[in-house]
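> Just so it is clear, I am handing over query-v3.csv, which has CSV, C-alpha atoms and all ligand atoms.
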chain,number,residue,atom,x,y,z
A,859,MET,CA,-79.9,-33.3,42.8
A,860,SER,CA,-79.6,-36.6,44.5
A,861,THR,CA,-82.2,-39.3,44.0
A,862,ASN,CA,-84.4,-40.2,46.9
A,863,ILE,CA,-84.1,-44.0,46.9
A,864,LEU,CA,-86.5,-44.5,49.8
A,865,LYS,CA,-89.2,-42.6,47.9
A,866,ILE,CA,-88.6,-44.7,44.8
A,867,THR,CA,-88.7,-48.0,46.6
A,868,LYS,CA,-91.9,-47.0,48.4
A,869,GLN,CA,-93.6,-45.6,45.4
A,870,TYR,CA,-92.7,-48.4,43.0
A,871,ASP,CA,-92.9,-51.4,45.3
A,872,THR,CA,-94.6,-53.8,43.0
A,873,GLN,CA,-93.9,-55.0,39.5
A,874,ALA,CA,-97.3,-53.7,38.3
A,875,LYS,CA,-96.6,-50.2,39.5
A,876,CYS,CA,-93.2,-50.2,37.9
A,877,LEU,CA,-94.6,-51.5,34.6
A,878,SER,CA,-97.3,-48.8,34.5
A,879,TYR,CA,-94.7,-46.2,35.1
A,880,LEU,CA,-92.4,-47.6,32.4
A,881,LYS,CA,-95.3,-47.8,30.0
A,882,SER,CA,-96.2,-44.1,30.5
A,883,LEU,CA,-92.6,-43.1,30.1
A,884,ARG,CA,-92.1,-45.1,27.0
A,885,TRP,CA,-95.4,-44.4,25.1
A,886,GLY,CA,-97.4,-41.9,27.0
A,887,LYS,CA,-101.1,-42.7,26.3
A,888,THR,CA,-100.6,-44.5,23.0
A,889,VAL,CA,-98.8,-47.8,23.0
A,890,LYS,CA,-96.9,-48.3,19.7
A,891,CYS,CA,-95.4,-51.5,18.3
A,892,PRO,CA,-91.6,-51.3,18.5
A,893,ASN,CA,-91.3,-53.3,15.4
A,894,CYS,CA,-93.6,-51.4,13.0
A,895,GLU,CA,-94.6,-48.3,14.9
A,896,SER,CA,-98.3,-49.2,14.4
A,897,ASP,CA,-100.7,-48.2,17.2
A,898,LYS,CA,-103.1,-51.0,16.2
A,899,ILE,CA,-102.3,-53.1,19.2
A,900,ARG,CA,-104.2,-55.3,21.6
A,901,GLU,CA,-103.3,-55.9,25.2
A,902,ARG,CA,-103.4,-59.5,26.2
A,903,LYS,CA,-106.2,-60.1,28.7
A,904,SER,CA,-104.5,-63.0,30.4
A,905,GLN,CA,-101.1,-61.1,30.6
A,906,PRO,CA,-101.3,-57.4,31.4
A,907,TYR,CA,-98.6,-55.3,29.8
A,908,GLN,CA,-98.1,-57.9,27.1
A,909,TYR,CA,-99.2,-56.6,23.7
A,910,PHE,CA,-100.0,-58.0,20.3
A,911,CYS,CA,-99.6,-55.9,17.1
A,912,LYS,CA,-102.4,-56.4,14.7
A,913,ASN,CA,-100.4,-54.9,11.9
A,914,CYS,CA,-97.2,-57.0,12.0
A,915,LYS,CA,-98.5,-59.8,14.2
A,916,LYS,CA,-95.7,-59.5,16.7
A,917,GLN,CA,-95.9,-59.7,20.4
A,918,PHE,CA,-94.1,-57.2,22.6
A,919,SER,CA,-93.9,-55.6,26.0
A,920,VAL,CA,-92.5,-52.4,27.4
A,921,PHE,CA,-89.2,-54.2,27.7
A,922,THR,CA,-88.8,-55.0,24.0
A,923,GLY,CA,-85.7,-53.5,22.6
A,924,THR,CA,-84.6,-51.9,25.8
A,925,ILE,CA,-82.0,-52.7,28.5
A,926,PHE,CA,-84.7,-54.5,30.5
A,927,GLU,CA,-85.4,-57.1,27.9
A,928,GLY,CA,-84.7,-60.7,28.9
A,929,SER,CA,-83.9,-59.8,32.5
A,930,ARG,CA,-85.6,-61.8,35.3
A,931,LEU,CA,-84.8,-59.2,38.0
A,932,PRO,CA,-88.0,-57.8,39.4
A,933,LEU,CA,-88.5,-54.1,38.5
A,934,PRO,CA,-88.5,-52.8,42.0
A,935,LYS,CA,-85.0,-54.1,42.3
A,936,TRP,CA,-84.0,-52.6,39.0
A,937,PHE,CA,-85.3,-49.3,40.2
A,938,ALA,CA,-83.4,-49.6,43.4
A,939,ALA,CA,-80.2,-50.5,41.5
A,940,MET,CA,-80.6,-47.4,39.3
A,941,GLY,CA,-81.2,-45.2,42.3
A,942,LEU,CA,-78.1,-46.5,44.0
A,943,MET,CA,-76.0,-46.0,40.9
A,944,LEU,CA,-77.2,-42.4,40.4
A,945,ASN,CA,-76.5,-41.5,44.0
A,946,ALA,CA,-73.0,-43.1,44.1
A,947,LYS,CA,-71.1,-40.0,43.0
A,948,SER,CA,-67.9,-41.8,42.4
A,949,GLY,CA,-69.3,-45.1,41.1
A,950,MET,CA,-71.0,-48.1,42.6
A,951,ALA,CA,-69.4,-51.5,42.6
A,952,ALA,CA,-71.5,-54.5,41.7
A,953,LYS,CA,-70.5,-56.0,45.0
A,954,GLU,CA,-72.4,-53.2,46.8
A,955,VAL,CA,-75.5,-53.6,44.6
A,956,GLU,CA,-75.3,-57.4,45.4
A,957,ARG,CA,-75.4,-56.6,49.1
A,958,ASN,CA,-78.1,-53.9,48.9
A,959,LEU,CA,-80.5,-55.8,46.7
A,960,GLY,CA,-79.9,-59.3,48.0
A,961,VAL,CA,-79.2,-60.7,44.5
A,962,SER,CA,-76.3,-62.8,43.2
A,963,TYR,CA,-73.1,-61.0,42.2
A,964,LYS,CA,-73.6,-62.0,38.6
A,965,THR,CA,-77.1,-60.5,38.5
A,966,ALA,CA,-75.8,-57.3,40.1
A,967,TYR,CA,-72.9,-57.1,37.7
A,968,TYR,CA,-75.0,-57.5,34.6
A,969,THR,CA,-77.7,-55.2,35.8
A,970,CYS,CA,-75.1,-52.5,36.5
A,971,MET,CA,-73.7,-53.0,33.0
A,972,ARG,CA,-77.2,-52.6,31.5
A,973,VAL,CA,-77.9,-49.5,33.5
A,974,ARG,CA,-74.6,-48.0,32.1
A,975,ILE,CA,-76.0,-48.6,28.6
A,976,GLY,CA,-79.1,-46.8,29.8
A,977,MET,CA,-76.9,-43.9,30.6
A,978,LEU,CA,-75.6,-43.6,27.1
A,979,MET,CA,-77.0,-40.4,25.7
A,980,GLU,CA,-77.5,-39.3,22.2
A,981,HIS,CA,-76.3,-35.7,21.9
A,982,THR,CA,-78.1,-33.7,19.3
A,983,SER,CA,-76.2,-30.4,19.8
A,984,LYS,CA,-72.5,-29.8,19.4
A,985,LEU,CA,-70.2,-28.5,22.0
A,986,THR,CA,-69.5,-24.8,21.6
A,987,GLY,CA,-67.8,-21.9,23.5
A,988,ILE,CA,-64.7,-22.8,25.5
A,989,ILE,CA,-63.9,-26.4,24.8
A,990,GLU,CA,-61.1,-28.4,26.4
A,991,MET,CA,-59.6,-31.5,24.9
A,992,ASP,CA,-57.2,-33.9,26.6
A,993,GLU,CA,-56.3,-37.6,26.8
A,994,SER,CA,-55.9,-40.0,29.7
A,995,TYR,CA,-54.6,-43.5,30.1
A,996,PHE,CA,-56.2,-46.4,31.9
A,997,GLY,CA,-55.4,-49.9,33.1
A,998,GLY,CA,-52.7,-52.2,31.8
A,999,LYS,CA,-49.2,-52.5,33.2
A,1000,ALA,CA,-46.8,-49.7,32.6
A,1001,ARG,CA,-44.1,-51.0,30.3
A,1002,LYS,CA,-41.3,-48.6,31.1
A,1003,TYR,CA,-40.1,-47.7,34.5
A,1004,LYS,CA,-37.0,-46.4,36.1
A,1005,LYS,CA,-35.7,-46.4,39.6
A,1006,ILE,CA,-35.3,-43.0,41.1
A,1007,PRO,CA,-31.5,-42.3,41.4
A,1008,ASP,CA,-30.3,-42.2,44.9
A,1009,ASN,CA,-29.3,-38.6,44.7
A,1010,GLU,CA,-32.9,-37.6,44.0
A,1011,GLN,CA,-35.3,-37.0,46.8
A,1012,SER,CA,-37.7,-39.8,47.2
A,1013,ILE,CA,-40.0,-41.0,49.9
A,1014,GLY,CA,-38.8,-44.6,50.1
A,1015,ALA,CA,-35.7,-46.4,49.0
A,1016,ASN,CA,-35.9,-48.1,45.6
A,1017,GLU,CA,-39.1,-46.4,44.8
A,1018,ILE,CA,-40.1,-47.0,41.3
A,1019,THR,CA,-41.7,-44.4,39.2
A,1020,LEU,CA,-43.9,-45.7,36.5
A,1021,LYS,CA,-43.8,-44.0,33.2
A,1022,ARG,CA,-47.4,-43.1,32.6
A,1023,GLY,CA,-49.3,-42.0,29.7
A,1024,ARG,CA,-48.0,-41.5,26.2
A,1025,GLY,CA,-45.6,-44.3,25.2
A,1026,THR,CA,-47.0,-47.0,27.5
A,1027,ASN,CA,-49.3,-49.9,26.7
A,1028,LYS,CA,-52.2,-48.5,28.7
A,1029,VAL,CA,-55.6,-47.9,27.0
A,1030,SER,CA,-55.7,-44.3,25.8
A,1031,VAL,CA,-58.9,-42.4,26.0
A,1032,ALA,CA,-59.5,-39.0,24.5
A,1033,GLY,CA,-62.0,-36.6,26.2
A,1034,ILE,CA,-63.6,-33.4,25.1
A,1035,VAL,CA,-65.6,-31.0,27.3
A,1036,GLN,CA,-67.4,-27.8,27.0
A,1037,ARG,CA,-67.0,-25.6,30.1
A,1038,LYS,CA,-70.2,-25.6,32.0
A,1039,GLY,CA,-71.4,-28.2,29.4
A,1040,ASN,CA,-71.1,-31.9,28.6
A,1041,VAL,CA,-68.2,-34.2,28.3
A,1042,HIS,CA,-67.6,-37.0,25.8
A,1043,THR,CA,-64.9,-39.6,25.7
A,1044,GLU,CA,-63.6,-42.1,23.2
A,1045,VAL,CA,-61.3,-45.1,23.7
A,1046,MET,CA,-58.7,-44.6,21.0
A,1047,GLY,CA,-56.4,-47.2,19.6
A,1048,LYS,CA,-53.9,-44.5,18.5
A,1049,LEU,CA,-53.9,-40.9,19.5
A,1050,THR,CA,-53.1,-39.7,16.1
A,1051,LYS,CA,-53.9,-36.2,14.7
A,1052,ARG,CA,-56.5,-37.8,12.4
A,1053,ASN,CA,-58.3,-39.6,15.2
A,1054,LEU,CA,-58.3,-36.6,17.5
A,1055,LEU,CA,-59.4,-34.2,14.7
A,1056,ALA,CA,-62.3,-36.6,13.7
A,1057,MET,CA,-63.4,-36.7,17.3
A,1058,LEU,CA,-63.3,-32.9,17.6
A,1059,LYS,CA,-65.3,-32.5,14.5
A,1060,HIS,CA,-67.8,-35.1,15.6
A,1061,TYR,CA,-68.5,-33.4,18.9
A,1062,ALA,CA,-67.7,-29.7,18.6
A,1063,SER,CA,-68.7,-26.8,16.5
A,1064,SER,CA,-65.9,-24.6,15.3
A,1065,ASP,CA,-68.2,-21.5,15.2
A,1066,ASN,CA,-67.8,-19.2,18.1
A,1067,SER,CA,-65.6,-21.8,19.8
A,1068,ILE,CA,-62.2,-21.9,21.2
A,1069,LEU,CA,-60.2,-25.0,21.9
A,1070,MET,CA,-57.8,-25.4,24.9
A,1071,THR,CA,-55.3,-28.3,24.9
A,1072,ASP,CA,-51.9,-29.0,26.3
A,1073,GLY,CA,-48.8,-29.0,24.1
A,1074,PHE,CA,-49.2,-32.6,22.8
A,1075,LYS,CA,-48.1,-32.3,19.2
A,1076,SER,CA,-51.1,-34.1,17.7
A,1077,TYR,CA,-53.3,-31.2,18.8
A,1078,LYS,CA,-51.4,-28.8,16.4
A,1079,ALA,CA,-53.6,-30.1,13.6
A,1080,MET,CA,-56.7,-28.7,15.3
A,1081,ASP,CA,-55.6,-25.1,14.3
A,1082,ALA,CA,-56.9,-25.5,10.8
A,1083,TYR,CA,-60.4,-26.3,12.1
A,1084,ILE,CA,-60.9,-24.2,15.3
A,1085,ASP,CA,-59.4,-21.4,17.2
A,1086,HIS,CA,-56.9,-23.0,19.5
A,1087,LEU,CA,-54.9,-22.1,22.5
A,1088,THR,CA,-52.2,-24.3,24.0
A,1089,VAL,CA,-51.5,-24.6,27.7
A,1090,ASN,CA,-47.9,-25.0,28.7
A,1091,HIS,CA,-47.9,-27.4,31.6
A,1092,SER,CA,-44.2,-27.0,32.4
A,1093,LYS,CA,-44.5,-23.2,33.0
A,1094,GLN,CA,-47.8,-23.0,34.9
A,1095,MET,CA,-51.0,-24.9,35.3
A,1096,SER,CA,-53.2,-22.2,33.9
A,1097,LYS,CA,-53.1,-18.7,32.7
A,1098,GLY,CA,-56.4,-17.0,33.0
A,1099,ILE,CA,-59.0,-18.8,31.0
A,1100,THR,CA,-56.3,-20.8,29.2
A,1101,HIS,CA,-56.3,-24.1,31.0
A,1102,VAL,CA,-57.5,-27.7,30.7
A,1103,ASN,CA,-58.6,-28.0,34.3
A,1104,THR,CA,-62.2,-29.0,33.5
A,1105,ILE,CA,-61.2,-32.1,31.6
A,1106,GLU,CA,-58.4,-32.9,34.0
A,1107,ASN,CA,-60.9,-32.8,36.9
A,1108,PHE,CA,-63.1,-35.2,34.9
A,1109,TRP,CA,-60.3,-37.7,34.5
A,1110,GLY,CA,-59.6,-37.3,38.2
A,1111,SER,CA,-63.2,-38.3,39.0
A,1112,VAL,CA,-63.1,-41.3,36.7
A,1113,LYS,CA,-59.8,-42.5,38.1
A,1114,ASN,CA,-60.9,-42.0,41.7
A,1115,GLY,CA,-64.1,-43.8,40.9
A,1116,ILE,CA,-62.4,-46.7,39.3
A,1117,LYS,CA,-59.8,-47.0,42.0
A,1118,GLY,CA,-62.4,-46.8,44.8
A,1119,SER,CA,-65.3,-48.8,43.5
A,1120,TYR,CA,-64.2,-51.1,40.8
A,1121,ARG,CA,-61.5,-53.7,40.5
A,1122,ALA,CA,-59.5,-54.0,37.3
A,1123,ILE,CA,-61.5,-53.0,34.3
A,1124,SER,CA,-60.8,-54.6,31.0
A,1125,LYS,CA,-60.3,-52.5,27.8
A,1126,LYS,CA,-63.6,-53.9,26.5
A,1127,TYR,CA,-65.6,-52.8,29.5
A,1128,LEU,CA,-63.9,-49.5,30.1
A,1129,PRO,CA,-66.3,-47.7,27.8
A,1130,PHE,CA,-69.3,-48.8,29.9
A,1131,TYR,CA,-67.8,-47.1,32.9
A,1132,LEU,CA,-66.9,-44.1,30.9
A,1133,VAL,CA,-70.5,-43.7,29.9
A,1134,GLU,CA,-71.5,-43.8,33.6
A,1135,PHE,CA,-68.9,-41.1,34.5
A,1136,GLU,CA,-70.0,-39.0,31.6
A,1137,TRP,CA,-73.6,-39.2,32.8
A,1138,LYS,CA,-72.6,-38.2,36.3
A,1139,PHE,CA,-70.5,-35.3,35.0
A,1140,ASP,CA,-73.3,-34.0,32.7
A,1141,HIS,CA,-75.9,-34.2,35.5
A,1142,LYS,CA,-73.9,-32.6,38.3
A,1143,LEU,CA,-76.0,-29.5,38.2
A,1144,TYR,CA,-79.2,-31.1,36.9
A,1145,LYS,CA,-82.3,-29.8,38.7
A,1146,GLY,CA,-84.9,-32.2,37.2
A,1147,ASN,CA,-85.9,-35.7,38.1
A,1148,GLU,CA,-82.7,-37.6,37.2
A,1149,PHE,CA,-84.1,-41.0,38.0
A,1150,GLU,CA,-87.0,-40.4,35.5
A,1151,LYS,CA,-84.6,-39.1,32.9
A,1152,LEU,CA,-82.5,-42.2,33.2
A,1153,LEU,CA,-85.5,-44.5,32.9
A,1154,LYS,CA,-86.7,-42.6,29.8
A,1155,ASN,CA,-83.2,-42.7,28.3
A,1156,ALA,CA,-82.9,-46.4,29.1
A,1157,LEU,CA,-86.3,-47.2,27.5
A,1158,GLN,CA,-85.2,-45.9,24.1
A,1159,HIS,CA,-85.5,-48.5,21.5
A,1160,GLU,CA,-82.2,-50.1,20.5
A,1161,LYS,CA,-80.6,-49.7,23.9
A,1162,GLY,CA,-81.0,-53.4,24.5
A,1163,LEU,CA,-79.5,-54.3,21.2
A,1164,LEU,CA,-76.6,-52.0,22.0
A,1165,TYR,CA,-76.1,-53.8,25.2
A,1166,TRP,CA,-76.1,-57.3,23.7
A,1167,LYS,CA,-73.8,-56.2,20.8
A,1168,ALA,CA,-71.4,-54.4,23.0
A,1169,LYS,CA,-71.2,-57.4,25.3
A,1170,SER,CA,-70.4,-59.8,22.6
A,1171,THR,CA,-68.3,-57.8,20.2
A,1172,GLN,CA,-67.1,-54.3,20.2
A,1173,ASN,CA,-67.1,-51.7,22.9
A,1174,VAL,CA,-70.4,-49.9,23.5
A,1175,LYS,CA,-69.5,-46.6,21.9
A,1176,GLU,CA,-68.1,-48.2,18.8
A,1177,VAL,CA,-71.4,-50.0,18.4
A,1178,ALA,CA,-73.4,-46.9,19.2
A,1179,TYR,CA,-71.7,-44.7,16.8
A,1180,GLY,CA,-71.1,-47.3,14.1
A,1181,LYS,CA,-67.4,-47.2,14.0
B,1,ZN,ZN,-96.1,-54.1,14.7
Write the structure described by the file as structure tokens, please.

Amino acid sequence: MSTNILKITKQYDTQAKCLSYLKSLRWGKTVKCPNCESDKIRERKSQPYQYFCKNCKKQFSVFTGTIFEGSRLPLPKWFAAMGLMLNAKSGMAAKEVERNLGVSYKTAYYTCMRVRIGMLMEHTSKLTGIIEMDESYFGGKARKYKKIPDNEQSIGANEITLKRGRGTNKVSVAGIVQRKGNVHTEVMGKLTKRNLLAMLKHYASSDNSILMTDGFKSYKAMDAYIDHLTVNHSKQMSKGITHVNTIENFWGSVKNGIKGSYRAISKKYLPFYLVEFEWKFDHKLYKGNEFEKLLKNALQHEKGLLYWKAKSTQNVKEVAYGK
């Protein structure tokens, strides 16, 4: 369901209205100290929505520990940015947010990055049923290429085909999806059996599940953990239910999005974008209030920390999952 941006900007047109909404989403009726969880708190009379914890003597606000912490962007603009990003089915460039919100490019860029962290979901249940696993490759320059020989049909003379995927220095990303379910991705240094199997075990249950992959030899190792069918790409794209079309469609949406909306993305920041595309994929059929769900998710404690850590050190998912 698409998000009604006009409704959001009308309903939450002042900082106070936004703060009240965030407060209710984060704490409901009882404000709790993010530091010690105590509800013995006092709201500062001179500064509404600023709290003092009588237990640990710390000050905090609804922003503390979240992606909103330390941002000077007024909340109505934050909300608009989030609405815009949710509605942009194939991604929203910071340049567009800059234009729509009338903020600097830098502000737009960092706000978008924080919103992506807000989209990082903790998944409590494992994938099950029909599961597809596949890898894809992003960015970088292809190392090997060959000219198409003259005797082969080609569109233009001297056309160069780039050798894509396995064996190039692109960034490899592994993905796993449950049909009619959620998708997860991981940037992988090496697509080894060990790494792929660890990812499979992390996200998927082997009970009542069946795994579909292509013939890449590293997937052979999965047989010991889960029922496994291999799709032979050279023969046909799919045979009945045996296919990896779901995950391939997901890669297609990420690639289109990156090509259309974003300029070159560095290896370090690719995971931020992957989080965004995972969110979009997982919410394609979501019937609830996606905007509110995103706000709630973004208000989780530690999300802010995740953002600052990921920005300065490792990629966001490595930080999130402690790898
Ligand atoms: Zn406290």
> Could you check the closest approach to Lys1126 in chain A for each of A:Leu1157, A:Leu1054, A:Met1046, A:Val1102 and tell me which residue wins, using all atoms listed in the file?
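The answer is A:Met1046, which sits nearest to Lys1126 in chain A.
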> Report as a tab-separated table the residues of chain A within 12 Å of ligand ZN 1 (chain B), each with its shortest atom pair and distance in Å (one decimal), using only C-alpha atoms and all ligand atoms, ordered by chain and increasing residue number.

residue	atom	partner	partner_atom	distance
A:Val889	CA	B:ZN1	ZN	10.8
A:Lys890	CA	B:ZN1	ZN	7.7
A:Cys891	CA	B:ZN1	ZN	4.5
A:Pro892	CA	B:ZN1	ZN	6.5
A:Asn893	CA	B:ZN1	ZN	4.9
A:Cys894	CA	B:ZN1	ZN	4.1
A:Glu895	CA	B:ZN1	ZN	6.0
A:Ser896	CA	B:ZN1	ZN	5.4
A:Asp897	CA	B:ZN1	ZN	7.9
A:Lys898	CA	B:ZN1	ZN	7.8
A:Ile899	CA	B:ZN1	ZN	7.7
A:Arg900	CA	B:ZN1	ZN	10.7
A:Tyr909	CA	B:ZN1	ZN	9.8
A:Phe910	CA	B:ZN1	ZN	7.9
A:Cys911	CA	B:ZN1	ZN	4.6
A:Lys912	CA	B:ZN1	ZN	6.7
A:Asn913	CA	B:ZN1	ZN	5.2
A:Cys914	CA	B:ZN1	ZN	4.1
A:Lys915	CA	B:ZN1	ZN	6.2
A:Lys916	CA	B:ZN1	ZN	5.8
A:Gln917	CA	B:ZN1	ZN	8.0
A:Phe918	CA	B:ZN1	ZN	8.7
A:Ser919	CA	B:ZN1	ZN	11.6
A:Thr922	CA	B:ZN1	ZN	11.9
> Rounded to one decimal, what separation in Å do you get between CA of Trp885 in chain A and CA of Tyr1144 in chain A?
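Calculated distance between CA of Trp885 in chain A and CA of Tyr1144 in chain A is 24.1 Å.
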> Between A:Leu931, A:Leu864, A:Ala1079, A:Val973, which one has atoms that come closest to Lys1051 in chain A, using only C-alpha atoms?
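Closest to Lys1051 in chain A, using only C-alpha atoms: A:Ala1079.
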> May I have the residues within 8 Å of range 1027-1035 of chain A as a PyMOL selection string, using only C-alpha atoms and disregarding those fewer than 2 positions away in the same chain?
chain A and resi 985+989-1001+1023+1025+1037+1039-1049+1054+1058+1061+1104-1105+1125
> Excluding Asp1072 in chain A and its own-chain neighbours fewer than 3 positions away, which residues fall within 9 Å of it when counting all atoms listed in the file? Please give them as a list in words.
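Result of the neighbour search: Met991, Asp992, Lys1075, Tyr1077, Leu1087, Thr1088, Val1089, Asn1090, His1091, His1101 and Val1102 of chain A.
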> Name the closest residue to Thr861 in chain A among the candidates A:Gly1110, A:Gly928, A:Gly941, A:Gly976; distances are taken between atoms, counting all atoms listed in the file.
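Between A:Gly1110, A:Gly928, A:Gly941, A:Gly976, the residue approaching Thr861 in chain A most closely is A:Gly941.
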> Of the residues A:His981, A:Lys947, A:Lys1038, A:His1159, which is the one nearest to Val1112 in chain A, using only C-alpha atoms?
A:Lys947
> What is the CA of Thr1050 in chain A to CA of Lys1175 in chain A distance in Å?
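Atom-to-atom, CA of Thr1050 in chain A and CA of Lys1175 in chain A are spaced 18.7 Å apart.
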> Using all atoms listed in the file, which residue out of A:Ala952, A:Val920, A:Lys1138, A:Ile1068 lies closest to Cys970 in chain A?
A:Ala952
> Take the point (-93.9, -54.3, 38.9) as written in the file and pick out every residue within 7 Å of it, counting all atoms listed in the file; give the list as a ChimeraX atom specification.
/A:872-877,932-934
> State, in Å with one decimal place, the distance from CA of Ser882 in chain A to CA of Val1177 in chain A.
28.2 Å
> With all atoms listed in the file as the counted atoms, please give the residues lying no more than 8 Å from Ile925 in chain A, apart from itself and same-chain residues fewer than 6 positions off, as a VMD selection string.
chain A and resid 972 to 973 975 to 976 1156 to 1157 1161 to 1163 1165
> Smallest atom-to-atom distance to Glu1106 in chain A: which of A:Thr1071, A:Leu1055, A:Lys887, A:Arg957, using all atoms listed in the file?
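Answer, going by the shortest atom-to-atom distance: A:Thr1071.
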